Amino acid sequence: MKILGDYHTHTIFSSGFRKKGTHATGTIEDNANVALKKGLTTLAISEHGPGHYLYGVRKENIPLMKEEIKRLNEYYVPRGLTILLGVEANLVGLDGELDVDDEFIKYLDVLLMGYHYGAMPKSAKDGLGLYLYNPISKAFKINQEKVVEMNTKAYLKAMDNYKIDIITHPGSKAKINIAEVAKKAKKVGTALEISAKHSELSVKSLNLLKGIDVDYYINSDAHKPEDVGNIEKGILKAREAKVPFDRIRNMIAEGE
Ligand SMILES: [Zn+2]
Ligand SMILES: [Zn+2]
């Protein structure tokens with residue numbers, strides 16, 4: 001199996017209101033150079049959504065990034081690599097609201113969605129639900145079932161509200177009913193990520209999804225250029241869980 005594309009990488013634009021490079025270290029060009037060297041044909045730049053104070057991309061940078069990618073693609077596309085503009089939007093509402101609007105989404109080639117502590121909830125109720133119950137229930141192991149149900153509903157609604165291409169590290173940070181999320185994802189054409197960086201999807205979770213036929217991406221979630229395309233840990237999980245390789249959208253059988 002060979003990796004074709006890495007659809008989840010961060011650059012210096014994932015720095016919230018702090019100095020660029022505080023959270024992830026490479027420029028778009030740095031990531032692209034590594035991707036080209038490793039023989040990838042697609043690279044998505046997917047910064048954290050703008051609702052994350054410490055890590056999020058600043059909205060005003062999105063048009064600038066789009067321009068930069070267009071300019072870089074003039075060099076990279078003839079050499080076999082296409083750079084895409086994406087975002088790893090944050091789930092900020094119990095009703096499935098994300099921290100990106102239509103104005104933002106229109107710049108994107110690919111929309112990823114993930115749950116992260118520290119994104120700004122859209123209201124106090126959502127904050128209590130998504131951002132307080134999750135860490136608390138994790139720490140004290142209370143209310144697990146209620147929290148899982150609440151999280152799962154929010155994920156399902158997000159897939160109704162937006163055309164999400166990939167759900168990143170599903171089940172890491174916020175516990176969800178992974179089979180329910182996978183069934184919905186299959187129905188609406190959303191893929192689930194097997195992360196090389198985060199524990200989820202784990203082999204155990206992947207085993208729960210047998211027979212659902214949902215698609216996957218194995219991504220690096222690189223926060224430094226040298227990690228772009230490093231998805232070996234994800235491949236090992238997919239192999240162990242015997243995920244059919246034709247369900248993995250960013251990989252191809254060698255020699256094809
Ligand atoms: Zn993430
Ligand atoms: Zn990420």
# chains A, B, ... in the order shown; residues from 1 in each chain; ligands from 1
>>> closest_atom_pairs(of="chain A", to="ligand 1", cutoff="10 Å", atoms="only C-alpha atoms and all ligand atoms", output="Markdown table")
| residue | atom | partner | partner_atom_place_in_ligand_line | distance |
| --- | --- | --- | --- | --- |
| A:His8 | CA | ligand 1 | 1 (Zn) | 8.8 |
| A:Thr9 | CA | ligand 1 | 1 (Zn) | 9.7 |
| A:His10 | CA | ligand 1 | 1 (Zn) | 9.6 |
| A:Ser46 | CA | ligand 1 | 1 (Zn) | 9.6 |
| A:Glu47 | CA | ligand 1 | 1 (Zn) | 9.0 |
| A:His48 | CA | ligand 1 | 1 (Zn) | 7.1 |
| A:Gly49 | CA | ligand 1 | 1 (Zn) | 9.6 |
| A:Glu88 | CA | ligand 1 | 1 (Zn) | 6.8 |
| A:Ala89 | CA | ligand 1 | 1 (Zn) | 8.9 |
| A:Asn90 | CA | ligand 1 | 1 (Zn) | 8.6 |
| A:Leu112 | CA | ligand 1 | 1 (Zn) | 9.3 |
| A:Met113 | CA | ligand 1 | 1 (Zn) | 8.2 |
| A:Gly114 | CA | ligand 1 | 1 (Zn) | 5.6 |
| A:Tyr115 | CA | ligand 1 | 1 (Zn) | 6.8 |
| A:His116 | CA | ligand 1 | 1 (Zn) | 6.4 |
| A:Tyr117 | CA | ligand 1 | 1 (Zn) | 9.7 |
| A:Ile167 | CA | ligand 1 | 1 (Zn) | 9.4 |
| A:Thr168 | CA | ligand 1 | 1 (Zn) | 6.1 |
| A:His169 | CA | ligand 1 | 1 (Zn) | 6.6 |
| A:Pro170 | CA | ligand 1 | 1 (Zn) | 9.3 |
| A:Ser172 | CA | ligand 1 | 1 (Zn) | 8.8 |
| A:Lys173 | CA | ligand 1 | 1 (Zn) | 9.3 |
| A:Ser195 | CA | ligand 1 | 1 (Zn) | 9.3 |
| A:Lys197 | CA | ligand 1 | 1 (Zn) | 9.3 |
| A:His198 | CA | ligand 1 | 1 (Zn) | 8.4 |
| A:Asp221 | CA | ligand 1 | 1 (Zn) | 7.2 |
>>> write_last_selection(atoms="C-alpha atoms", output="PDB file, in the first residue's frame")
ATOM      1  CA  HIS A   8      -4.566  16.653   7.690  1.00  0.00           C
ATOM      2  CA  THR A   9      -1.546  18.894   8.260  1.00  0.00           C
ATOM      3  CA  HIS A  10      -1.021  22.115  10.193  1.00  0.00           C
ATOM      4  CA  SER A  46      -6.035  21.996   7.441  1.00  0.00           C
ATOM      5  CA  GLU A  47      -5.526  24.481  10.268  1.00  0.00           C
ATOM      6  CA  HIS A  48      -7.603  24.406  13.425  1.00  0.00           C
ATOM      7  CA  GLY A  49     -10.913  26.236  13.028  1.00  0.00           C
ATOM      8  CA  GLU A  88     -10.177  21.328  10.837  1.00  0.00           C
ATOM      9  CA  ALA A  89     -13.340  23.051  12.024  1.00  0.00           C
ATOM     10  CA  ASN A  90     -14.333  22.843  15.679  1.00  0.00           C
ATOM     11  CA  LEU A 112     -12.552  18.500   8.212  1.00  0.00           C
ATOM     12  CA  MET A 113     -14.282  18.546  11.586  1.00  0.00           C
ATOM     13  CA  GLY A 114     -12.962  17.641  14.993  1.00  0.00           C
ATOM     14  CA  TYR A 115     -13.623  18.217  18.643  1.00  0.00           C
ATOM     15  CA  HIS A 116     -10.977  20.026  20.704  1.00  0.00           C
ATOM     16  CA  TYR A 117     -10.919  21.339  24.243  1.00  0.00           C
ATOM     17  CA  ILE A 167     -14.146  13.691  10.801  1.00  0.00           C
ATOM     18  CA  THR A 168     -10.751  13.913  12.478  1.00  0.00           C
ATOM     19  CA  HIS A 169      -9.720  11.575  15.324  1.00  0.00           C
ATOM     20  CA  PRO A 170     -13.342  10.576  16.104  1.00  0.00           C
ATOM     21  CA  SER A 172     -10.437  11.179  20.927  1.00  0.00           C
ATOM     22  CA  LYS A 173     -11.137  13.915  23.505  1.00  0.00           C
ATOM     23  CA  SER A 195      -5.069   9.205  12.941  1.00  0.00           C
ATOM     24  CA  LYS A 197      -1.141  10.893  16.000  1.00  0.00           C
ATOM     25  CA  HIS A 198      -4.212  10.336  18.197  1.00  0.00           C
ATOM     26  CA  ASP A 221      -2.047  15.411  11.680  1.00  0.00           C
TER      27      ASP A 221
END
>>> closest_residue(among="A:Thr41, A:Glu254, A:Leu64, A:Val92", to="Pro78 (chain A)", atoms="only C-alpha atoms")
A:Thr41
>>> select_by_dssp(residues="region 7-99 of chain A", states="strand (DSSP E or B)", output="list in words")
Tyr7, His8, Thr9, Thr42, Leu43, Ala44, Ile45, Ser46, Glu47, His48, His52, Thr82, Ile83, Leu84, Leu85, Gly86, Val87, Glu88, Ala89, Asn90, Leu91 and Leu98 of chain A
>>> write_last_selection(atoms="N, CA and C atoms", output="CSV table (one decimal), in the first residue's frame")
chain,number,residue,atom,x,y,z
A,7,TYR,N,-4.2,14.4,4.2
A,7,TYR,CA,-5.3,15.4,4.2
A,7,TYR,C,-5.4,16.2,5.5
A,8,HIS,N,-4.5,16.0,6.4
A,8,HIS,CA,-4.6,16.7,7.7
A,8,HIS,C,-3.2,17.1,8.2
A,9,THR,N,-2.8,18.3,7.8
A,9,THR,CA,-1.5,18.9,8.3
A,9,THR,C,-1.7,20.4,8.7
A,42,THR,N,-1.3,14.6,-3.2
A,42,THR,CA,-2.2,15.6,-2.6
A,42,THR,C,-1.8,15.9,-1.2
A,43,LEU,N,-1.8,17.2,-0.9
A,43,LEU,CA,-1.5,17.7,0.5
A,43,LEU,C,-2.6,18.7,0.9
A,44,ALA,N,-3.3,18.4,1.9
A,44,ALA,CA,-4.3,19.4,2.4
A,44,ALA,C,-3.7,20.1,3.6
A,45,ILE,N,-3.8,21.4,3.6
A,45,ILE,CA,-3.4,22.3,4.7
A,45,ILE,C,-4.7,22.5,5.5
A,46,SER,N,-4.8,22.0,6.7
A,46,SER,CA,-6.0,22.0,7.4
A,46,SER,C,-5.8,22.5,8.8
A,47,GLU,N,-5.8,23.8,9.0
A,47,GLU,CA,-5.5,24.5,10.3
A,47,GLU,C,-6.7,24.3,11.2
A,48,HIS,N,-6.5,24.5,12.5
A,48,HIS,CA,-7.6,24.4,13.4
A,48,HIS,C,-8.6,25.5,13.1
A,52,HIS,N,-10.9,28.4,17.8
A,52,HIS,CA,-10.0,28.0,18.9
A,52,HIS,C,-9.0,29.2,19.1
A,82,THR,N,-0.6,18.3,-5.7
A,82,THR,CA,-1.6,19.4,-5.6
A,82,THR,C,-1.8,19.7,-4.1
A,83,ILE,N,-1.8,21.0,-3.8
A,83,ILE,CA,-2.0,21.5,-2.4
A,83,ILE,C,-3.5,21.9,-2.4
A,84,LEU,N,-4.2,21.5,-1.3
A,84,LEU,CA,-5.6,21.9,-1.1
A,84,LEU,C,-5.7,22.7,0.1
A,85,LEU,N,-6.7,23.6,0.1
A,85,LEU,CA,-6.9,24.4,1.3
A,85,LEU,C,-8.1,23.7,2.1
A,86,GLY,N,-7.8,23.4,3.3
A,86,GLY,CA,-8.9,22.8,4.2
A,86,GLY,C,-8.9,23.5,5.5
A,87,VAL,N,-9.7,23.0,6.4
A,87,VAL,CA,-9.7,23.5,7.8
A,87,VAL,C,-10.2,22.4,8.6
A,88,GLU,N,-9.7,22.3,9.9
A,88,GLU,CA,-10.2,21.3,10.8
A,88,GLU,C,-11.1,22.1,11.8
A,89,ALA,N,-12.4,22.2,11.3
A,89,ALA,CA,-13.3,23.1,12.0
A,89,ALA,C,-13.6,22.4,13.4
A,90,ASN,N,-14.0,23.3,14.3
A,90,ASN,CA,-14.3,22.8,15.7
A,90,ASN,C,-15.8,22.7,15.8
A,91,LEU,N,-16.2,21.7,16.5
A,91,LEU,CA,-17.6,21.5,16.9
A,91,LEU,C,-17.9,22.4,18.1
A,98,LEU,N,-20.6,24.3,13.7
A,98,LEU,CA,-19.1,24.4,13.6
A,98,LEU,C,-18.7,25.9,13.6
>>> residues_around(residues="Ser137 (chain A)", least_positions_apart="2", cutoff="12 Å", atoms="only C-alpha atoms", output="VMD selection string")
chain A and resid 128 to 135 139 to 148 173 to 175
>>> residues_around(residues="His23 (chain A)", least_positions_apart="6", cutoff="12 Å", atoms="only C-alpha atoms", output="list in words")
His10, Thr11, Ile12, Phe13, Ser14, Ser15, Gly16, Phe17, Glu47, His48, His52, Tyr53, Leu54, Tyr55, Gly56, Val57, Ala222, His223 and Lys224 of chain A
>>> residues_around(residues="Ala191 (chain A)", least_positions_apart="6", cutoff="7 Å", atoms="only C-alpha atoms", output="list of chain:residue names")
A:Asp165, A:Ile166, A:Ile167, A:Ala185, A:Val214, A:Asp215, A:Tyr216, A:Tyr217
>>> write_last_selection(atoms="N, CA, C and O atoms", output="PDB file, in the first residue's frame")
ATOM      1  N   ASP A 165     -16.140  16.503   4.842  1.00  0.00           N
ATOM      2  CA  ASP A 165     -15.400  15.470   4.106  1.00  0.00           C
ATOM      3  C   ASP A 165     -14.798  14.438   5.052  1.00  0.00           C
ATOM      4  O   ASP A 165     -14.833  13.245   4.769  1.00  0.00           O
ATOM      5  N   ILE A 166     -14.215  14.924   6.151  1.00  0.00           N
ATOM      6  CA  ILE A 166     -13.508  14.007   7.062  1.00  0.00           C
ATOM      7  C   ILE A 166     -13.768  14.404   8.517  1.00  0.00           C
ATOM      8  O   ILE A 166     -13.658  15.587   8.867  1.00  0.00           O
ATOM      9  N   ILE A 167     -14.105  13.445   9.349  1.00  0.00           N
ATOM     10  CA  ILE A 167     -14.146  13.691  10.801  1.00  0.00           C
ATOM     11  C   ILE A 167     -12.807  13.255  11.369  1.00  0.00           C
ATOM     12  O   ILE A 167     -12.398  12.099  11.226  1.00  0.00           O
ATOM     13  N   ALA A 185     -22.133   8.752   8.805  1.00  0.00           N
ATOM     14  CA  ALA A 185     -21.060   9.182   7.898  1.00  0.00           C
ATOM     15  C   ALA A 185     -21.164   8.446   6.569  1.00  0.00           C
ATOM     16  O   ALA A 185     -21.051   9.045   5.493  1.00  0.00           O
ATOM     17  N   VAL A 214     -18.045   2.295   5.924  1.00  0.00           N
ATOM     18  CA  VAL A 214     -17.715   3.714   5.872  1.00  0.00           C
ATOM     19  C   VAL A 214     -16.307   3.864   5.291  1.00  0.00           C
ATOM     20  O   VAL A 214     -15.504   2.936   5.370  1.00  0.00           O
ATOM     21  N   ASP A 215     -16.024   5.006   4.672  1.00  0.00           N
ATOM     22  CA  ASP A 215     -14.691   5.250   4.129  1.00  0.00           C
ATOM     23  C   ASP A 215     -13.769   5.876   5.182  1.00  0.00           C
ATOM     24  O   ASP A 215     -14.243   6.494   6.133  1.00  0.00           O
ATOM     25  N   TYR A 216     -12.480   5.729   4.943  1.00  0.00           N
ATOM     26  CA  TYR A 216     -11.484   6.254   5.880  1.00  0.00           C
ATOM     27  C   TYR A 216     -10.407   7.064   5.151  1.00  0.00           C
ATOM     28  O   TYR A 216     -10.178   6.876   3.958  1.00  0.00           O
ATOM     29  N   TYR A 217      -9.756   7.925   5.910  1.00  0.00           N
ATOM     30  CA  TYR A 217      -8.468   8.502   5.510  1.00  0.00           C
ATOM     31  C   TYR A 217      -7.496   8.175   6.627  1.00  0.00           C
ATOM     32  O   TYR A 217      -7.873   8.214   7.806  1.00  0.00           O
TER      33      TYR A 217
END
>>> select_by_dssp(residues="region 3-162 of chain A", states="helix (DSSP H, G or I)", output="PyMOL selection string")
chain A and resi 28-37+61-79+102-105+124-140+144-161
>>> atom_distance(atom1="CA of Arg247 (chain A)", atom2="CA of Asp213 (chain A)")
7.3 Å
>>> closest_residue(among="A:Met1, A:Val228, A:Met120, A:Ile178", to="ligand 2", atoms="only C-alpha atoms and all ligand atoms")
A:Val228
>>> atom_distance(atom1="CA of Ala24 (chain A)", atom2="CA of Lys66 (chain A)")
18.5 Å
>>> residues_around(residues="Ala179 (chain A)", least_positions_apart="6", cutoff="9 Å", atoms="only C-alpha atoms", output="PyMOL selection string")
chain A and resi 205+208-209+212
>>> residues_around(residues="Leu4 (chain A)", least_positions_apart="2", cutoff="9 Å", atoms="only C-alpha atoms", output="VMD selection string")
chain A and resid 2 6 39 to 43 229 249 to 252
>>> write_last_selection(atoms="N, CA, C and O atoms", output="mmCIF file, in the first residue's frame")
data_model
loop_
_atom_site.group_PDB
_atom_site.id
_atom_site.type_symbol
_atom_site.label_atom_id
_atom_site.label_comp_id
_atom_site.auth_asym_id
_atom_site.auth_seq_id
_atom_site.Cartn_x
_atom_site.Cartn_y
_atom_site.Cartn_z
ATOM 1 N N LYS A 2 0.378 2.218 -0.719
ATOM 2 C CA LYS A 2 1.149 3.450 -0.823
ATOM 3 C C LYS A 2 0.235 4.627 -0.476
ATOM 4 O O LYS A 2 -0.931 4.652 -0.896
ATOM 5 N N ASP A 6 -1.938 13.303 2.066
ATOM 6 C CA ASP A 6 -2.094 13.548 3.502
ATOM 7 C C ASP A 6 -3.075 14.709 3.611
ATOM 8 O O ASP A 6 -2.783 15.819 3.170
ATOM 9 N N GLY A 39 6.712 11.819 -2.315
ATOM 10 C CA GLY A 39 5.966 11.271 -3.439
ATOM 11 C C GLY A 39 4.449 11.354 -3.311
ATOM 12 O O GLY A 39 3.714 10.640 -4.008
ATOM 13 N N LEU A 40 3.953 12.234 -2.429
ATOM 14 C CA LEU A 40 2.505 12.390 -2.305
ATOM 15 C C LEU A 40 1.948 13.157 -3.511
ATOM 16 O O LEU A 40 2.645 13.997 -4.086
ATOM 17 N N THR A 41 0.717 12.868 -3.855
ATOM 18 C CA THR A 41 0.097 13.613 -4.959
ATOM 19 C C THR A 41 -0.858 14.691 -4.456
ATOM 20 O O THR A 41 -1.203 15.602 -5.193
ATOM 21 N N THR A 42 -1.303 14.555 -3.197
ATOM 22 C CA THR A 42 -2.205 15.559 -2.618
ATOM 23 C C THR A 42 -1.762 15.904 -1.204
ATOM 24 O O THR A 42 -1.390 15.020 -0.423
ATOM 25 N N LEU A 43 -1.824 17.187 -0.894
ATOM 26 C CA LEU A 43 -1.528 17.652 0.457
ATOM 27 C C LEU A 43 -2.596 18.652 0.856
ATOM 28 O O LEU A 43 -2.791 19.649 0.159
ATOM 29 N N GLY A 229 2.980 13.147 5.862
ATOM 30 C CA GLY A 229 3.056 11.843 5.202
ATOM 31 C C GLY A 229 3.452 10.700 6.115
ATOM 32 O O GLY A 229 3.466 9.548 5.687
ATOM 33 N N ARG A 249 -9.459 6.098 1.426
ATOM 34 C CA ARG A 249 -9.488 6.959 0.232
ATOM 35 C C ARG A 249 -8.131 7.512 -0.172
ATOM 36 O O ARG A 249 -7.943 7.874 -1.319
ATOM 37 N N ASN A 250 -7.207 7.637 0.771
ATOM 38 C CA ASN A 250 -5.931 8.261 0.397
ATOM 39 C C ASN A 250 -4.798 7.251 0.250
ATOM 40 O O ASN A 250 -3.626 7.609 0.351
ATOM 41 N N MET A 251 -5.160 5.987 0.026
ATOM 42 C CA MET A 251 -4.117 4.994 -0.212
ATOM 43 C C MET A 251 -4.435 4.195 -1.463
ATOM 44 O O MET A 251 -5.577 4.099 -1.878
ATOM 45 N N ILE A 252 -3.388 3.625 -2.033
ATOM 46 C CA ILE A 252 -3.568 2.837 -3.247
ATOM 47 C C ILE A 252 -2.669 1.608 -3.160
ATOM 48 O O ILE A 252 -1.600 1.666 -2.540
#
